[in-house]
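Dumped target.csv below, it's CSV, C-alpha atoms:
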chain,number,residue,atom,x,y,z
A,1,MET,CA,-22.0,7.4,0.3
A,2,GLN,CA,-21.0,10.7,-1.4
A,3,ILE,CA,-17.7,11.6,-3.0
A,4,ASP,CA,-16.3,15.1,-2.1
A,5,TRP,CA,-15.5,16.1,-5.7
A,6,ILE,CA,-14.1,19.4,-4.6
A,7,HIS,CA,-11.4,17.7,-2.5
A,8,PHE,CA,-11.1,14.6,-4.7
A,9,THR,CA,-7.4,14.2,-5.4
A,10,PRO,CA,-6.6,10.8,-7.0
A,11,TRP,CA,-2.9,11.6,-7.4
A,12,SER,CA,-1.9,10.6,-3.8
A,13,ALA,CA,-3.8,7.3,-4.2
A,14,LEU,CA,-2.2,6.7,-7.6
A,15,LEU,CA,1.3,7.5,-6.1
A,16,GLY,CA,0.6,5.2,-3.1
A,17,GLY,CA,-0.5,2.4,-5.3
A,18,ALA,CA,2.5,2.7,-7.5
A,19,LEU,CA,4.8,2.8,-4.5
A,20,ILE,CA,3.2,-0.4,-3.1
A,21,GLY,CA,3.6,-2.1,-6.4
A,22,LEU,CA,7.2,-0.9,-6.7
A,23,ALA,CA,8.1,-2.0,-3.1
A,24,SER,CA,6.4,-5.5,-3.5
A,25,GLY,CA,8.0,-6.0,-6.9
A,26,LEU,CA,11.5,-5.0,-5.7
A,27,LEU,CA,11.1,-7.2,-2.7
A,28,ALA,CA,10.2,-10.2,-4.9
A,29,LEU,CA,12.9,-9.5,-7.5
A,30,LEU,CA,15.8,-8.6,-5.2
A,31,ALA,CA,15.1,-10.8,-2.1
A,32,GLY,CA,12.7,-13.4,-3.4
A,33,LYS,CA,10.2,-12.5,-0.7
A,34,ILE,CA,6.5,-11.9,-0.8
A,35,ALA,CA,5.3,-8.5,0.6
A,36,GLY,CA,2.4,-10.0,2.7
A,37,ILE,CA,2.2,-8.1,5.9
A,38,SER,CA,1.0,-11.0,8.0
A,39,GLY,CA,3.8,-13.2,6.8
A,40,ILE,CA,6.4,-10.5,7.4
A,41,LEU,CA,5.1,-9.8,10.9
A,42,GLY,CA,4.7,-13.5,11.7
A,43,GLY,CA,8.3,-14.1,10.7
A,44,LEU,CA,9.5,-11.3,12.8
A,45,LEU,CA,7.5,-12.5,15.8
A,46,ASN,CA,8.8,-16.1,15.3
A,47,ALA,CA,12.4,-14.8,15.4
A,48,GLN,CA,13.4,-16.1,12.0
A,49,SER,CA,16.9,-15.5,10.8
A,50,ASP,CA,15.9,-12.8,8.3
A,51,MET,CA,14.6,-10.4,10.9
A,52,GLN,CA,16.4,-7.2,9.6
A,53,TRP,CA,14.5,-6.8,6.4
A,54,ARG,CA,11.2,-7.7,8.1
A,55,ALA,CA,11.8,-5.0,10.8
A,56,ALA,CA,12.8,-2.4,8.2
A,57,PHE,CA,9.7,-3.2,6.1
A,58,LEU,CA,7.4,-2.8,9.1
A,59,LEU,CA,9.2,0.3,10.4
A,60,GLY,CA,8.6,1.8,6.9
A,61,LEU,CA,4.9,1.0,7.2
A,62,VAL,CA,4.8,2.9,10.5
A,63,LEU,CA,7.0,5.9,9.6
A,64,THR,CA,5.7,6.6,6.1
A,65,PRO,CA,2.3,7.9,7.2
A,66,LEU,CA,4.0,10.0,9.9
A,67,PHE,CA,6.3,11.4,7.2
A,68,TRP,CA,3.3,12.1,4.9
A,69,MET,CA,1.4,13.8,7.7
A,70,ALA,CA,4.3,16.2,8.3
A,71,PHE,CA,3.7,17.7,4.9
A,72,ASN,CA,0.0,17.2,4.5
A,73,THR,CA,-3.2,17.7,6.5
A,74,PRO,CA,-4.5,14.3,7.7
A,75,ALA,CA,-8.0,13.4,6.6
A,76,ASP,CA,-10.8,13.8,9.1
A,77,ILE,CA,-11.6,10.2,10.0
A,78,GLN,CA,-14.7,9.4,12.1
A,79,ILE,CA,-14.9,5.8,13.5
A,80,THR,CA,-18.5,5.0,14.4
A,81,ALA,CA,-18.0,1.5,15.5
A,82,SER,CA,-17.7,0.7,19.2
A,83,THR,CA,-14.4,-0.5,20.7
A,84,PRO,CA,-15.7,-4.1,21.2
A,85,THR,CA,-16.8,-4.2,17.6
A,86,LEU,CA,-13.3,-3.1,16.5
A,87,ILE,CA,-11.6,-5.6,18.7
A,88,ILE,CA,-13.8,-8.5,17.4
A,89,ALA,CA,-13.2,-7.3,13.8
A,90,GLY,CA,-9.5,-7.3,14.3
A,91,LEU,CA,-9.5,-10.7,15.8
A,92,LEU,CA,-11.6,-12.1,12.9
A,93,VAL,CA,-9.2,-10.5,10.4
A,94,GLY,CA,-6.2,-12.1,12.2
A,95,LEU,CA,-8.0,-15.5,12.3
A,96,GLY,CA,-8.8,-15.2,8.6
A,97,THR,CA,-5.2,-14.5,7.7
A,98,ARG,CA,-4.1,-17.7,9.5
A,99,TYR,CA,-6.8,-19.8,7.8
A,100,GLY,CA,-6.2,-18.2,4.5
A,101,ASN,CA,-2.4,-18.6,4.6
A,102,GLY,CA,-1.9,-14.9,4.1
A,103,CYS,CA,-3.5,-11.4,4.3
A,104,THR,CA,-5.1,-9.2,1.8
A,105,SER,CA,-1.8,-7.6,0.8
A,106,GLY,CA,-0.1,-10.9,0.3
A,107,HIS,CA,-2.9,-12.5,-1.7
A,108,GLY,CA,-4.4,-9.3,-3.4
A,109,ILE,CA,-1.2,-7.6,-4.4
A,110,CYS,CA,1.5,-10.2,-4.6
A,111,GLY,CA,-0.5,-13.4,-5.2
A,112,LEU,CA,-2.7,-12.0,-8.0
A,113,SER,CA,0.3,-10.5,-9.7
A,114,ARG,CA,1.9,-14.0,-9.8
A,115,PHE,CA,-1.3,-15.5,-11.1
A,116,SER,CA,-1.8,-17.6,-8.0
A,117,ILE,CA,-5.1,-19.6,-8.2
A,118,ARG,CA,-5.0,-19.9,-4.4
A,119,SER,CA,-4.7,-16.1,-4.1
A,120,LEU,CA,-7.6,-15.6,-6.6
A,121,ALA,CA,-9.8,-17.9,-4.4
A,122,ALA,CA,-8.7,-16.0,-1.3
A,123,VAL,CA,-9.4,-12.6,-2.8
A,124,ALA,CA,-12.8,-13.7,-4.1
A,125,SER,CA,-13.6,-15.1,-0.6
A,126,PHE,CA,-12.7,-12.1,1.4
A,127,MET,CA,-14.3,-9.7,-1.1
A,128,ALA,CA,-17.5,-11.7,-0.9
A,129,ALA,CA,-17.3,-11.8,2.9
A,130,GLY,CA,-16.9,-8.0,2.9
A,131,PHE,CA,-19.8,-7.5,0.6
A,132,ILE,CA,-22.0,-9.7,2.7
A,133,THR,CA,-20.9,-8.0,5.9
A,134,VAL,CA,-21.8,-4.6,4.5
A,135,LEU,CA,-25.1,-5.8,3.3
A,136,LEU,CA,-26.0,-7.3,6.6
A,137,THR,CA,-24.7,-4.5,8.9
A,138,HIS,CA,-25.7,-1.5,6.8
A,139,HIS,CA,-28.8,-2.6,4.9
A,140,LEU,CA,-30.5,-5.4,6.7
A,141,PHE,CA,-29.9,-4.8,10.4

Would you mind writing the file out in structure tokens?
Amino acid sequence: MQIDWIHFTPWSALLGGALIGLASGLLALLAGKIAGISGILGGLLNAQSDMQWRAAFLLGLVLTPLFWMAFNTPADIQITASTPTLIIAGLLVGLGTRYGNGCTSGHGICGLSRFSIRSLAAVASFMAAGFITVLLTHHLF
């Protein structure tokens, strides 16, 4: 892997991280909710009583990149995995969020900021699984 130092602009990533922190912090402080995407989507699909904020949150996740692309050139992304591989990977991620009682955003951003031991174990588990997967798929096979 090589970093394109000429086009390296950490400011957009820093701004994005700050906005994620601000949004998850405000959601916790003002509504007492955790900004875990799988929980938000699951609550919306289960037709819970608090559907308005869930729909607004998810709509923001969809519209914000579109807004960003209106003012910036999108990155050139090349997906080299096959469609079946992507489908299997997506299903495994979904299965993992169910078994882990939350997704990477819920555990990694919100859980760790609340010093949750369960979230620390979850983050360590999915990071280890990611490292092992990269080792197996890119270096051994």

For Gly111 (chain A), which of A:Met127, A:Leu95, A:Ala28, A:Leu86 is the closest residue, counting all atoms listed in the file?
A:Ala28

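Across A:Ala89, A:Val134, A:Leu61, A:Ala128, the tightest approach to Leu19 (chain A) is made by A:Leu61 when counting all atoms listed in the file.
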
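Remark: for Gly17 (chain A), the closest of the candidate residues A:Ser49, A:Ser125, A:Ser82, A:Ser105 is A:Ser105 (distances computed over all atoms listed in the file).
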
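When the distance limit is 12 Å and only C-alpha atoms are what count, the residues near region 29-31 of chain A, minus those fewer than 4 positions from it on the same chain, are A:Gly21, A:Leu22, A:Ala23, A:Ser24, A:Gly25, A:Ala35, A:Asp50, A:Trp53, A:Arg54, A:Cys110.
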
Compute the distance from (-7.6, -7.8, 9.2) to each atom, counting all atoms listed in the file, keep the residues with any atom at most 12 Å away, and return them as a CSV table (one decimal) with C-alpha atoms, keeping the file's coordinate frame; use the coordinates of the file.
chain,number,residue,atom,x,y,z
A,37,ILE,CA,2.2,-8.1,5.9
A,38,SER,CA,1.0,-11.0,8.0
A,86,LEU,CA,-13.3,-3.1,16.5
A,87,ILE,CA,-11.6,-5.6,18.7
A,88,ILE,CA,-13.8,-8.5,17.4
A,89,ALA,CA,-13.2,-7.3,13.8
A,90,GLY,CA,-9.5,-7.3,14.3
A,91,LEU,CA,-9.5,-10.7,15.8
A,92,LEU,CA,-11.6,-12.1,12.9
A,93,VAL,CA,-9.2,-10.5,10.4
A,94,GLY,CA,-6.2,-12.1,12.2
A,95,LEU,CA,-8.0,-15.5,12.3
A,96,GLY,CA,-8.8,-15.2,8.6
A,97,THR,CA,-5.2,-14.5,7.7
A,98,ARG,CA,-4.1,-17.7,9.5
A,100,GLY,CA,-6.2,-18.2,4.5
A,102,GLY,CA,-1.9,-14.9,4.1
A,103,CYS,CA,-3.5,-11.4,4.3
A,104,THR,CA,-5.1,-9.2,1.8
A,105,SER,CA,-1.8,-7.6,0.8
A,126,PHE,CA,-12.7,-12.1,1.4
A,130,GLY,CA,-16.9,-8.0,2.9
